[in-house]
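S.K.: Enclosed is the structure file protein.txt (compact mmCIF, C-alpha atoms).
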```
# COMPACT_ATOMS: atom_id res chain seq x y z
CA MET A 578 0.00 0.00 0.00
CA ARG A 579 2.83 2.40 0.79
CA GLY A 580 4.21 2.11 -2.72
CA THR A 581 0.82 2.62 -4.36
CA GLY A 582 0.20 6.08 -2.92
CA PRO A 583 3.21 7.79 -4.50
CA ARG A 584 2.51 6.23 -7.90
CA LEU A 585 -1.10 7.39 -7.77
CA ALA A 586 0.03 10.87 -6.77
CA VAL A 587 2.45 11.06 -9.71
CA ALA A 588 -0.18 9.77 -12.12
CA ALA A 589 -2.77 12.23 -10.85
CA GLY A 590 -0.33 15.09 -11.15
CA LEU A 591 0.64 14.22 -14.71
CA ILE A 592 -2.91 13.86 -16.05
CA PRO A 593 -3.47 17.61 -16.51
CA LEU A 594 -0.05 17.98 -18.12
CA LEU A 595 -0.75 15.19 -20.60
CA PHE A 596 -4.13 16.73 -21.35
CA ALA A 597 -2.52 20.12 -21.84
CA ALA A 598 -0.03 18.66 -24.29
CA THR A 599 -2.88 17.74 -26.61
CA VAL A 600 -4.11 21.33 -26.79
CA ALA A 601 -3.11 23.23 -29.94
CA LEU A 602 0.18 24.88 -29.05
CA ALA A 603 0.00 27.09 -32.10
CA GLN A 604 -2.87 29.18 -30.76
CA GLY A 605 -2.00 32.86 -31.01
CA GLY A 606 -1.31 34.97 -27.97
CA GLY A 607 -4.21 37.29 -28.83
CA ASP A 608 -4.15 41.05 -29.02
CA GLN A 609 -4.42 42.99 -25.80
CA ALA A 610 -4.78 46.70 -25.22
CA GLU A 611 -1.31 48.20 -25.10
CA GLU A 612 -0.25 50.10 -21.99
CA PRO A 613 2.36 52.83 -22.37
CA LEU A 614 5.86 52.26 -21.01
CA GLY A 615 6.11 53.46 -17.42
CA SER A 616 2.39 53.00 -16.78
CA TYR A 617 1.17 51.77 -13.43
CA LYS A 618 -1.52 49.22 -12.59
CA PRO A 619 -2.49 48.95 -8.90
CA ASN A 620 -1.16 45.73 -7.31
CA SER A 621 0.56 44.81 -10.60
CA GLY A 622 3.37 47.34 -10.42
CA PHE A 623 5.09 49.54 -12.98
CA LYS A 624 5.62 48.54 -16.59
CA VAL A 625 9.35 49.14 -17.15
CA THR A 626 9.89 47.53 -20.55
CA ASP A 627 7.80 46.19 -23.42
CA SER A 628 8.53 44.76 -26.86
CA ASP A 629 7.19 42.17 -29.25
CA GLN A 630 9.36 39.63 -27.40
CA GLY A 631 8.13 40.25 -23.90
CA GLU A 632 7.18 42.49 -21.00
CA LEU A 633 8.62 43.28 -17.58
CA ARG A 634 6.81 44.73 -14.58
CA ILE A 635 8.28 45.45 -11.14
CA ARG A 636 6.17 45.28 -8.01
CA ILE A 637 7.06 45.60 -4.32
CA PHE A 638 5.31 44.29 -1.21
CA THR A 639 6.49 45.33 2.24
CA TYR A 640 5.27 46.44 5.66
CA VAL A 641 6.46 47.90 8.95
CA ARG A 642 5.05 46.21 12.06
CA TYR A 643 4.85 47.09 15.75
CA LEU A 644 4.32 43.98 17.90
CA ASN A 645 3.48 43.78 21.62
CA GLN A 646 3.26 40.31 23.20
CA LEU A 647 3.71 41.43 26.81
CA GLY A 648 0.10 40.51 27.59
CA LEU A 649 0.90 36.79 27.21
CA ASP A 650 1.48 34.49 30.18
CA GLU A 651 5.20 34.08 30.89
CA THR A 652 5.17 30.26 30.90
CA TYR A 653 3.36 27.41 29.18
CA THR A 654 2.80 23.83 30.32
CA ASP A 655 2.08 21.38 27.50
CA SER A 656 -0.10 18.25 27.63
CA PHE A 657 2.92 16.15 28.71
CA GLY A 658 3.51 18.31 31.79
CA GLN A 659 6.60 20.05 30.39
CA THR A 660 6.85 23.74 31.30
CA SER A 661 8.69 26.29 29.15
CA THR A 662 9.30 30.03 29.39
CA LEU A 663 7.90 32.03 26.48
CA ASP A 664 9.97 34.58 24.61
CA ARG A 665 7.56 37.52 24.68
CA ARG A 666 8.48 40.40 22.39
CA GLN A 667 7.89 44.09 21.92
CA ASP A 668 9.61 45.50 18.84
CA ILE A 669 9.31 47.40 15.56
CA GLN A 670 10.39 45.62 12.40
CA LEU A 671 10.49 46.17 8.66
CA GLN A 672 8.84 42.78 8.74
CA LYS A 673 8.99 41.63 5.12
CA MET A 674 10.17 42.79 1.73
CA THR A 675 9.35 41.15 -1.60
CA ILE A 676 10.51 42.50 -4.97
CA ASN A 677 8.62 40.89 -7.85
CA PHE A 678 9.63 40.80 -11.51
CA GLN A 679 6.84 39.54 -13.72
CA GLY A 680 5.53 39.56 -17.27
CA TRP A 681 5.57 37.43 -20.42
CA LEU A 682 8.15 36.13 -22.89
CA MET A 683 7.85 35.26 -26.61
CA ASP A 684 4.12 34.61 -26.26
CA ARG A 685 1.64 36.47 -24.03
CA LYS A 686 0.44 33.09 -22.79
CA PHE A 687 3.92 32.24 -21.43
CA ARG A 688 4.15 34.05 -18.09
CA TYR A 689 7.01 34.31 -15.61
CA LEU A 690 7.40 35.47 -12.01
CA ALA A 691 10.77 35.97 -10.30
CA TYR A 692 11.17 37.43 -6.84
CA VAL A 693 13.51 38.20 -3.98
CA TRP A 694 11.78 37.73 -0.65
CA THR A 695 12.99 38.20 2.91
CA SER A 696 11.68 38.13 6.46
CA ASN A 697 13.81 40.52 8.47
CA THR A 698 12.70 39.12 11.84
CA SER A 699 14.29 35.81 10.80
CA GLN A 700 17.73 37.06 9.71
CA GLY A 701 20.33 34.49 10.72
CA LEU A 702 17.92 31.55 10.46
CA GLY A 703 17.39 29.13 7.58
CA ALA A 704 15.47 30.37 4.49
CA GLN A 705 15.18 33.94 5.74
CA VAL A 706 16.03 35.11 2.20
CA VAL A 707 14.51 33.37 -0.82
CA VAL A 708 15.21 33.95 -4.51
CA GLY A 709 12.51 32.09 -6.38
CA GLY A 710 9.69 32.18 -8.88
CA ASN A 711 7.71 30.13 -11.34
CA LEU A 712 6.81 29.71 -15.03
CA ASN A 713 3.30 29.28 -16.43
CA TYR A 714 1.72 28.68 -19.84
CA ALA A 715 -1.98 29.43 -20.28
CA PHE A 716 -3.21 27.17 -23.09
CA ASP A 717 -6.80 28.35 -22.71
CA PRO A 718 -9.21 29.23 -19.85
CA HIS A 719 -9.43 25.54 -18.95
CA VAL A 720 -5.73 24.70 -18.64
CA THR A 721 -2.75 26.65 -17.33
CA VAL A 722 0.30 24.55 -16.46
CA GLY A 723 3.30 25.69 -14.50
CA GLY A 724 6.30 24.78 -12.42
CA GLY A 725 8.56 26.30 -9.79
CA ILE A 726 7.72 27.49 -6.28
CA ASP A 727 4.09 27.90 -5.25
CA ALA A 728 1.68 27.27 -2.39
CA LEU A 729 -0.03 23.91 -2.12
CA PRO A 730 -3.77 24.75 -2.60
CA GLY A 731 -4.87 22.85 0.52
CA VAL A 732 -6.83 25.68 2.14
CA ARG A 733 -8.45 28.89 0.91
CA ALA A 734 -5.55 31.11 2.08
CA THR A 735 -3.12 29.22 -0.19
CA GLU A 736 -5.19 29.64 -3.38
CA GLY A 737 -3.18 32.72 -4.40
CA ASN A 738 -5.22 35.48 -2.71
CA PHE A 739 -2.41 36.90 -0.55
CA PRO A 740 -2.16 39.75 0.53
CA PHE A 741 -5.88 40.47 0.08
CA TRP A 742 -6.74 39.30 3.58
CA LEU A 743 -8.45 40.97 6.54
CA THR A 744 -5.42 40.38 8.76
CA ALA A 745 -2.00 41.73 7.84
CA ASP A 746 0.11 38.83 6.56
CA ASN A 747 -0.92 36.19 9.08
CA ARG A 748 -3.63 33.57 9.27
CA LEU A 749 -6.01 32.65 12.04
CA MET A 750 -4.61 30.02 14.40
CA ALA A 751 -6.53 27.01 13.05
CA ASP A 752 -5.66 27.87 9.46
CA GLU A 753 -1.96 28.12 10.34
CA PHE A 754 -2.12 24.83 12.25
CA PHE A 755 -3.74 22.72 9.53
CA ARG A 756 -2.51 24.23 6.25
CA PRO A 757 0.20 23.00 3.89
CA SER A 758 2.78 25.56 2.79
CA TYR A 759 5.08 26.47 -0.12
CA THR A 760 7.14 23.92 -2.00
CA MET A 761 8.60 23.26 -5.43
CA GLY A 762 6.56 21.31 -7.93
CA ILE A 763 4.34 21.35 -10.99
CA TRP A 764 0.67 22.29 -11.27
CA ALA A 765 -2.37 22.79 -13.42
CA LYS A 766 -5.33 25.12 -12.94
CA GLY A 767 -8.27 26.53 -14.85
CA LYS A 768 -12.00 26.32 -15.40
CA VAL A 769 -13.88 23.03 -15.36
CA VAL A 770 -17.04 24.76 -16.57
CA ASP A 771 -18.30 28.30 -16.15
CA ARG A 772 -18.08 29.34 -12.45
CA LEU A 773 -16.34 26.11 -11.42
CA SER A 774 -12.53 25.98 -11.32
CA TYR A 775 -9.81 23.62 -10.14
CA ARG A 776 -6.22 23.68 -8.87
CA LEU A 777 -3.90 20.68 -8.72
CA MET A 778 -0.28 20.59 -7.56
CA LEU A 779 2.30 17.82 -7.29
CA GLY A 780 5.12 18.92 -4.99
CA ASN A 781 8.20 17.82 -3.09
CA ASN A 782 6.88 18.06 0.49
CA LEU A 783 4.58 20.15 2.69
CA SER A 784 7.10 22.98 3.07
CA GLN A 785 10.47 23.25 1.37
CA LEU A 786 11.51 26.48 3.11
CA GLY A 787 14.70 25.64 5.00
CA VAL A 788 14.94 22.15 3.46
CA ASP A 789 17.63 21.32 0.90
CA ALA A 790 17.21 18.80 -1.93
CA GLY A 791 19.37 16.21 -0.16
CA GLN A 792 16.90 16.09 2.73
CA LEU A 793 13.91 15.24 0.49
CA ASP A 794 12.78 11.70 -0.22
CA ASP A 795 12.63 10.42 -3.83
CA LYS A 796 8.94 9.59 -4.08
CA LEU A 797 7.09 12.75 -5.32
CA ASN A 798 4.16 11.94 -3.06
CA THR A 799 2.86 15.38 -2.06
CA LEU A 800 -0.44 16.07 -3.83
CA SER A 801 -2.80 19.00 -3.18
CA THR A 802 -6.08 19.84 -4.93
CA ALA A 803 -8.85 22.43 -4.81
CA LEU A 804 -12.28 22.69 -6.43
CA ILE A 805 -13.91 26.15 -6.27
CA TRP A 806 -17.53 26.98 -7.15
CA LEU A 807 -18.73 30.60 -7.47
CA PRO A 808 -22.46 30.06 -8.14
CA THR A 809 -23.96 33.55 -8.09
CA THR A 810 -21.59 36.07 -9.71
CA GLY A 811 -18.81 33.85 -11.06
CA GLU A 812 -16.18 35.85 -9.13
CA PHE A 813 -15.36 36.67 -5.52
CA GLY A 814 -13.71 40.08 -5.55
CA THR A 815 -10.08 41.06 -6.01
CA ALA A 816 -7.96 37.88 -6.18
CA GLY A 817 -10.78 36.01 -4.40
CA GLY A 818 -9.56 37.47 -1.11
CA PHE A 819 -11.31 38.10 2.21
CA GLY A 820 -13.59 41.08 2.86
CA ASP A 821 -15.84 43.03 0.49
CA PHE A 822 -13.68 46.07 -0.28
CA ASP A 823 -15.08 45.88 -3.85
CA ARG A 824 -18.65 46.32 -2.53
CA HIS A 825 -20.76 43.74 -4.37
CA GLU A 826 -24.24 45.00 -5.23
CA GLN A 827 -25.25 41.41 -5.97
CA ALA A 828 -24.42 38.78 -3.36
CA ALA A 829 -21.21 36.94 -4.36
CA THR A 830 -20.92 33.42 -2.97
CA ARG A 831 -18.30 30.67 -2.97
CA PHE A 832 -18.07 27.03 -1.97
CA ALA A 833 -14.80 25.11 -2.11
CA ALA A 834 -13.22 21.81 -1.14
CA HIS A 835 -9.51 21.06 -0.74
CA PHE A 836 -7.47 17.91 -0.14
CA THR A 837 -3.76 17.43 0.57
CA ARG A 838 -1.73 14.26 1.08
CA SER A 839 1.98 13.95 1.79
CA ASP A 840 4.44 11.40 3.13
CA GLU A 841 6.73 13.32 5.47
CA ASP A 842 9.90 12.34 7.29
CA ARG A 843 11.86 13.99 10.08
CA GLN A 844 14.76 14.95 7.82
CA GLY A 845 12.43 16.60 5.29
CA GLN A 846 10.85 18.91 7.90
CA PRO A 847 12.16 22.46 8.41
CA ASN A 848 14.16 23.07 11.56
CA SER A 849 11.86 24.23 14.37
CA ASP A 850 13.41 27.72 14.21
CA ALA A 851 13.15 28.08 10.42
CA PHE A 852 11.16 30.88 8.83
CA GLU A 853 7.43 30.13 8.35
CA ASN A 854 8.06 26.69 9.79
CA VAL A 855 5.24 24.29 8.99
CA THR A 856 5.91 21.07 10.85
CA ILE A 857 3.21 18.55 11.70
CA ARG A 858 2.28 19.51 15.24
CA LEU A 859 0.10 18.17 18.00
CA SER A 860 -2.65 20.48 19.20
CA ASP A 861 -0.46 21.46 22.20
CA GLY A 862 2.22 22.79 19.82
CA ASN A 863 4.73 19.93 20.02
CA ALA A 864 6.19 18.73 16.71
CA ILE A 865 5.49 15.02 16.27
CA PHE A 866 9.10 14.38 15.20
CA LYS A 867 10.48 15.66 18.53
CA PRO A 868 12.76 12.96 20.03
CA GLY A 869 11.24 11.17 23.03
CA LEU A 870 7.97 13.12 22.83
CA PHE A 871 5.78 10.05 23.32
CA GLY A 872 8.13 8.26 25.69
CA PRO A 873 11.77 7.23 26.20
CA GLY A 874 13.26 5.59 23.11
CA ILE A 875 10.35 6.55 20.83
CA GLN A 876 11.28 8.53 17.74
CA ILE A 877 8.81 9.05 14.89
CA GLU A 878 10.81 9.22 11.65
CA ASN A 879 8.03 8.97 9.03
CA ALA A 880 4.34 9.88 8.90
CA THR A 881 1.59 10.38 6.33
CA TYR A 882 -0.31 13.68 6.47
CA GLN A 883 -3.84 13.87 5.03
CA MET A 884 -6.00 16.97 5.34
CA PHE A 885 -9.41 17.86 3.92
CA SER A 886 -10.93 21.32 4.19
CA THR A 887 -14.07 22.97 2.93
CA ASP A 888 -15.05 26.62 2.99
CA VAL A 889 -18.05 28.85 2.29
CA GLY A 890 -18.26 32.60 1.88
CA VAL A 891 -20.58 35.46 0.96
CA LYS A 892 -19.96 39.14 0.12
CA TYR A 893 -22.64 41.81 -0.18
CA ARG A 894 -22.57 45.61 -0.08
CA GLY A 895 -19.33 45.86 1.85
CA PHE A 896 -20.03 43.00 4.26
CA SER A 897 -18.45 39.55 4.20
CA LEU A 898 -18.80 36.31 6.13
CA ASP A 899 -16.48 33.33 5.66
CA GLY A 900 -16.19 29.95 7.33
CA GLU A 901 -13.71 27.12 6.86
CA PHE A 902 -13.60 23.63 8.36
CA TYR A 903 -10.62 21.26 8.63
CA TRP A 904 -10.12 17.54 9.14
CA ARG A 905 -6.57 16.16 9.49
CA TRP A 906 -5.24 12.62 9.86
CA VAL A 907 -1.60 11.78 10.61
CA LYS A 908 -0.99 8.05 10.24
CA ASP A 909 1.53 5.39 9.12
CA LEU A 910 3.78 6.44 12.01
CA ARG A 911 7.15 4.71 11.69
CA GLY A 912 10.47 4.90 13.53
CA GLY A 913 12.31 3.59 16.54
CA GLY A 914 10.00 2.37 19.30
CA THR A 915 6.78 3.34 17.48
CA GLU A 916 5.39 -0.15 18.01
CA ALA A 917 4.88 0.92 21.65
CA LEU A 918 2.64 3.85 20.72
CA PRO A 919 -0.87 3.44 22.19
CA PHE A 920 -2.45 4.82 18.99
CA GLU A 921 -2.18 4.22 15.23
CA GLU A 922 -3.08 7.71 14.01
CA LEU A 923 -3.58 11.27 15.21
CA THR A 924 -6.84 13.01 14.33
CA ASP A 925 -7.51 16.73 14.67
CA ASN A 926 -10.41 18.87 13.46
CA GLY A 927 -10.98 22.60 13.48
CA LEU A 928 -12.74 25.64 12.13
CA GLN A 929 -12.36 29.34 11.50
CA LEU A 930 -14.90 32.15 11.07
CA GLN A 931 -14.23 35.66 9.73
CA ALA A 932 -16.63 38.57 9.33
CA SER A 933 -16.04 42.10 8.10
CA GLY A 934 -17.83 45.30 7.13
CA MET A 935 -16.81 48.54 5.41
CA VAL A 936 -17.51 51.24 8.00
CA LEU A 937 -16.62 53.88 5.40
CA PRO A 938 -16.81 52.51 1.81
CA GLY A 939 -13.37 52.27 0.26
CA THR A 940 -11.70 53.74 3.36
CA LEU A 941 -12.29 52.03 6.72
CA GLN A 942 -12.99 48.35 7.38
CA GLY A 943 -13.70 46.55 10.64
CA TYR A 944 -13.36 42.79 11.08
CA GLY A 945 -13.39 39.96 13.56
CA GLY A 946 -12.21 36.37 13.51
CA PHE A 947 -12.39 33.23 15.62
CA SER A 948 -10.76 29.83 15.18
CA LYS A 949 -10.47 26.66 17.21
CA VAL A 950 -8.65 23.34 16.99
CA TYR A 951 -10.33 20.24 18.38
CA GLY A 952 -7.31 18.06 19.05
CA GLU A 953 -6.21 14.97 20.90
CA TYR A 954 -3.79 17.06 23.00
CA GLY A 955 -5.94 20.08 23.77
CA ASP A 956 -8.48 22.43 22.18
CA PRO A 957 -6.69 25.76 21.60
CA TRP A 958 -8.44 28.80 20.13
CA ASP A 959 -7.94 32.41 19.14
CA LEU A 960 -10.10 35.54 18.83
CA ARG A 961 -9.19 38.75 17.03
CA LEU A 962 -10.68 42.18 16.31
CA GLY A 963 -9.14 44.62 13.86
CA LEU A 964 -9.35 47.68 11.64
CA ASN A 965 -8.03 48.37 8.14
CA TRP A 966 -7.63 51.93 6.88
CA PHE A 967 -7.09 52.50 3.14
CA PRO A 968 -5.88 56.14 2.89
CA TRP A 969 -5.86 56.21 -0.93
CA HIS A 970 -9.09 54.19 -1.25
CA ASN A 971 -7.37 51.18 -2.84
CA TYR A 972 -5.49 48.00 -1.88
CA VAL A 973 -2.08 49.54 -2.58
CA VAL A 974 -1.56 51.09 0.87
CA ARG A 975 -3.25 50.14 4.13
CA TRP A 976 -2.78 50.51 7.85
CA ASN A 977 -3.88 47.61 10.03
CA ALA A 978 -4.35 47.43 13.81
CA GLU A 979 -5.40 44.24 15.58
CA TYR A 980 -6.09 42.91 19.05
CA LEU A 981 -5.48 39.16 19.31
CA HIS A 982 -6.29 36.78 22.16
CA THR A 983 -4.86 33.27 22.05
CA ASP A 984 -5.48 30.30 24.32
CA ARG A 985 -2.54 27.83 24.28
CA SER A 986 -1.60 28.57 20.68
CA PRO A 987 -0.14 25.50 18.91
CA VAL A 988 1.55 27.69 16.27
CA GLY A 989 3.95 30.60 16.34
CA GLY A 990 7.16 32.00 14.92
CA LEU A 991 9.29 35.11 14.64
CA SER A 992 7.37 36.28 11.57
CA LEU A 993 3.98 35.69 13.23
CA PRO A 994 2.29 37.62 16.03
CA THR A 995 1.74 34.33 17.90
CA VAL A 996 4.03 32.28 20.16
CA VAL A 997 3.75 28.51 20.51
CA GLY A 998 1.96 27.92 23.81
CA GLY A 999 0.93 31.57 24.14
CA THR A 1000 -2.11 32.39 26.29
CA GLY A 1001 -3.20 35.99 26.67
CA ASP A 1002 -3.39 39.23 24.71
CA THR A 1003 -1.29 40.50 21.81
CA PHE A 1004 -1.51 43.81 19.96
CA TYR A 1005 0.15 44.59 16.67
CA SER A 1006 -0.11 47.28 14.02
CA SER A 1007 1.22 47.23 10.45
CA PHE A 1008 1.63 49.78 7.66
CA GLN A 1009 1.61 47.83 4.41
CA VAL A 1010 2.43 48.69 0.80
CA ASN A 1011 1.61 46.41 -2.13
CA PHE A 1012 2.01 48.36 -5.36
```
If you convert what's in this file into C-alpha cells, what do you get?
M.R.:
Amino acid sequence: MRGTGPRLAVAAGLIPLLFAATVALAQGGGDQAEEPLGSYKPNSGFKVTDSDQGELRIRIFTYVRYLNQLGLDETYTDSFGQTSTLDRRQDIQLQKMTINFQGWLMDRKFRYLAYVWTSNTSQGLGAQVVVGGNLNYAFDPHVTVGGGIDALPGVRATEGNFPFWLTADNRLMADEFFRPSYTMGIWAKGKVVDRLSYRLMLGNNLSQLGVDAGQLDDKLNTLSTALIWLPTTGEFGTAGGFGDFDRHEQAATRFAAHFTRSDEDRQGQPNSDAFENVTIRLSDGNAIFKPGLFGPGIQIENATYQMFSTDVGVKYRGFSLDGEFYWRWVKDLRGGGTEALPFEELTDNGLQLQASGMVLPGTLQGYGGFSKVYGEYGDPWDLRLGLNWFPWHNYVVRWNAEYLHTDRSPVGGLSLPTVVGGTGDTFYSSFQVNF
C-alpha cells in the first residue's frame, strides 16, 4: 500500500499535463490593449519595458510592524507536563520585503514570475532570504500549467489570494495549524465549466523552506487539490480574497473543497526555528518528530499527512462572512520504538470564522475572527478584532491594527504575532504597501 500512494500521486499530477499537451500549441497569444511604457496598474506594479518579445513589470510588497506580546502568560505547560518560558516580544520591524519581476516572454500566454523575498525578523535563520519564482503557460481558460515554487492549494488562504486578507500577513490560528505551505513542484489550474474551477499541484513536500534537496525523499508523493464553485456572480472580488472592499451589489458566494496528502519524514521537515516553519504539530504545539515526545526511546521518523478542508463565503454591499472547516489525519507512524505507541493515528479537526464590514466605503474596514482546533492534545483557540484603513481608497496602501487573544496557541514564529503555547493578549499594528 505504501508504494501505491506515491505512484497514484504522480499519475494524478501528470494527467493535466498530458491533457494540456494535446491542446493546440499554435494558438496565437491574442491582441491585448497596449499600456504605455512606465504606466502603473495597482497591485501589478510599474511597466518598465515592453517589446514584441516580452514584457517586464516590477512590483514591491512590504510592511512595517509594531508587535506587543507582553500581555501573554510568561510560561506554558504542555499536555505532557513540560513547562517552558515564552519569549515575549515588543519590537518594531520592517517585517517583510518582496521584490517581484513579472511579465511574459515570446508569447503572451507564457508568463514568468521571479522574486527576492525576505523576512527581516528571521535574519540568521534558515530560508530567511529566498530567490525564487515560477513559469506558467496558459493554453486556454481551462488549462494553465506551470512549475517552480508555489503554495499547495490545501486551504483557501493558499489559493493565491495573498495579501488580500483581513489580517496583515498572518492567518487565524486554526488555518496556520492545519494548512500545507510552499514547495517546489508542478501544477495545473483553470475552469472546469463556467463558475467552477480547479487547482492541482504535485510537490516535493509540505514545506520546502529551509529544506535542501538532499533532505527530500525520492517519491514525489505530495499532492494537493482544490475545487472552487462561485455560483452567483462567477467571481469573488479582487484575487478572491477576504472582505468586500469591492462592494458587491449582488451577493457573491463561494463554496470550495480542498485535499492534501503527503508522506513526510523527520529529515524533510524544516528546523523548528526556520522561517514560516510548517511542521506537523500536536494540538499542544509539540512537533510530532520531537525525540522522546511520546516516551523514552520513541522517535517518529516517518508519517503520512492527510487533510481535507471545505469553505463557504458570501460578500454583499461591503459585508463579508467566511467559514472554513478542517479535518486532518496523521498516520503510518514509523520509527524507533513506534510499536509501543498506544495509537495508530492522530486526528484533529478545526474551524475558523471571519466577518467584516466597510464602515466607510473604500476607506475604513472593521473585522473579527475566531478559530479553534479540536485536538487529541488540547483544544486551543484564538479571537481577534481589527481595523483596516485605506488612505488612498485602494489596496495599494493600508494601515492595520489588531487585538489578538490566544489560548494555548499551537503555532507561532518570529514572523507571526503568535508564540507557541501563548495564552493571553497581543496587539500589533502594520503599515503595508503592495504596489
S.K.: Go through A:Phe1012, A:Phe947, A:Phe716, A:Tyr954 and flag the residue nearest Phe687 of chain A, using all atoms listed in the file for the distances.
M.R.: A:Phe716
S.K.: Given the choices A:Ala917, A:Ala803, A:Ile763, A:Ala816, which gets closest to Pro740 of chain A if the distance is worked out from all atoms listed in the file?
M.R.: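 The closest residue to Pro740 of chain A is A:Ala816.
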S.K.: Which is closer to Thr799 of chain A than all the others in A:Gly818, A:Ala829, A:Trp742, A:Thr881, using all atoms listed in the file?
M.R.: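 Smallest separation from Thr799 of chain A among the options: A:Thr881.
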S.K.: For a quick check of your reading of the model, name the residues lying within 9 Å of the coordinate (-10.9, 26.9, -19.2), counting only C-alpha atoms, and write them as a compact mmCIF listing (two decimals) with C-alpha atoms, in the coordinates of the input.
M.R.:
```txt
# COMPACT_ATOMS: atom_id res chain seq x y z
CA PHE A 716 -3.21 27.17 -23.09
CA ASP A 717 -6.80 28.35 -22.71
CA PRO A 718 -9.21 29.23 -19.85
CA HIS A 719 -9.43 25.54 -18.95
CA VAL A 720 -5.73 24.70 -18.64
CA THR A 721 -2.75 26.65 -17.33
CA LYS A 766 -5.33 25.12 -12.94
CA GLY A 767 -8.27 26.53 -14.85
CA LYS A 768 -12.00 26.32 -15.40
CA VAL A 769 -13.88 23.03 -15.36
CA VAL A 770 -17.04 24.76 -16.57
CA ASP A 771 -18.30 28.30 -16.15
CA SER A 774 -12.53 25.98 -11.32
```
S.K.: Quick one: pull the distance between atom CA of Ser1006 of chain A and atom CA of Pro994 of chain A, Å, one decimal.
M.R.: 10.2 Å
S.K.: So how many Å separate atom CA of Pro938 of chain A and atom CA of Ala745 of chain A, to one decimal?
M.R.: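 Between these atoms lies a distance of 19.3 Å.
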S.K.: Using only C-alpha atoms for the distances, tell me which of A:Asp1002, A:Glu753, A:Glu736, A:Asp664 is nearest to Gly817 of chain A.
M.R.: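 Distance minimum relative to Gly817 of chain A lands on A:Glu736.
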S.K.: At most 12 Å from (6.0, 17.6, 21.1), file frame, all atoms listed in the file: which residues, as number ranges by chain?
M.R.: A: 654-660, 849, 856-872, 875-877, 954, 987, 997-998
S.K.: Between A:Leu930, A:Leu743, A:Ala880, A:Val996, which one has atoms that come closest to Asn965 of chain A, using only C-alpha atoms?
M.R.: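 Checking each of A:Leu930, A:Leu743, A:Ala880, A:Val996 against Asn965 of chain A, counting only C-alpha atoms, the winner is A:Leu743.
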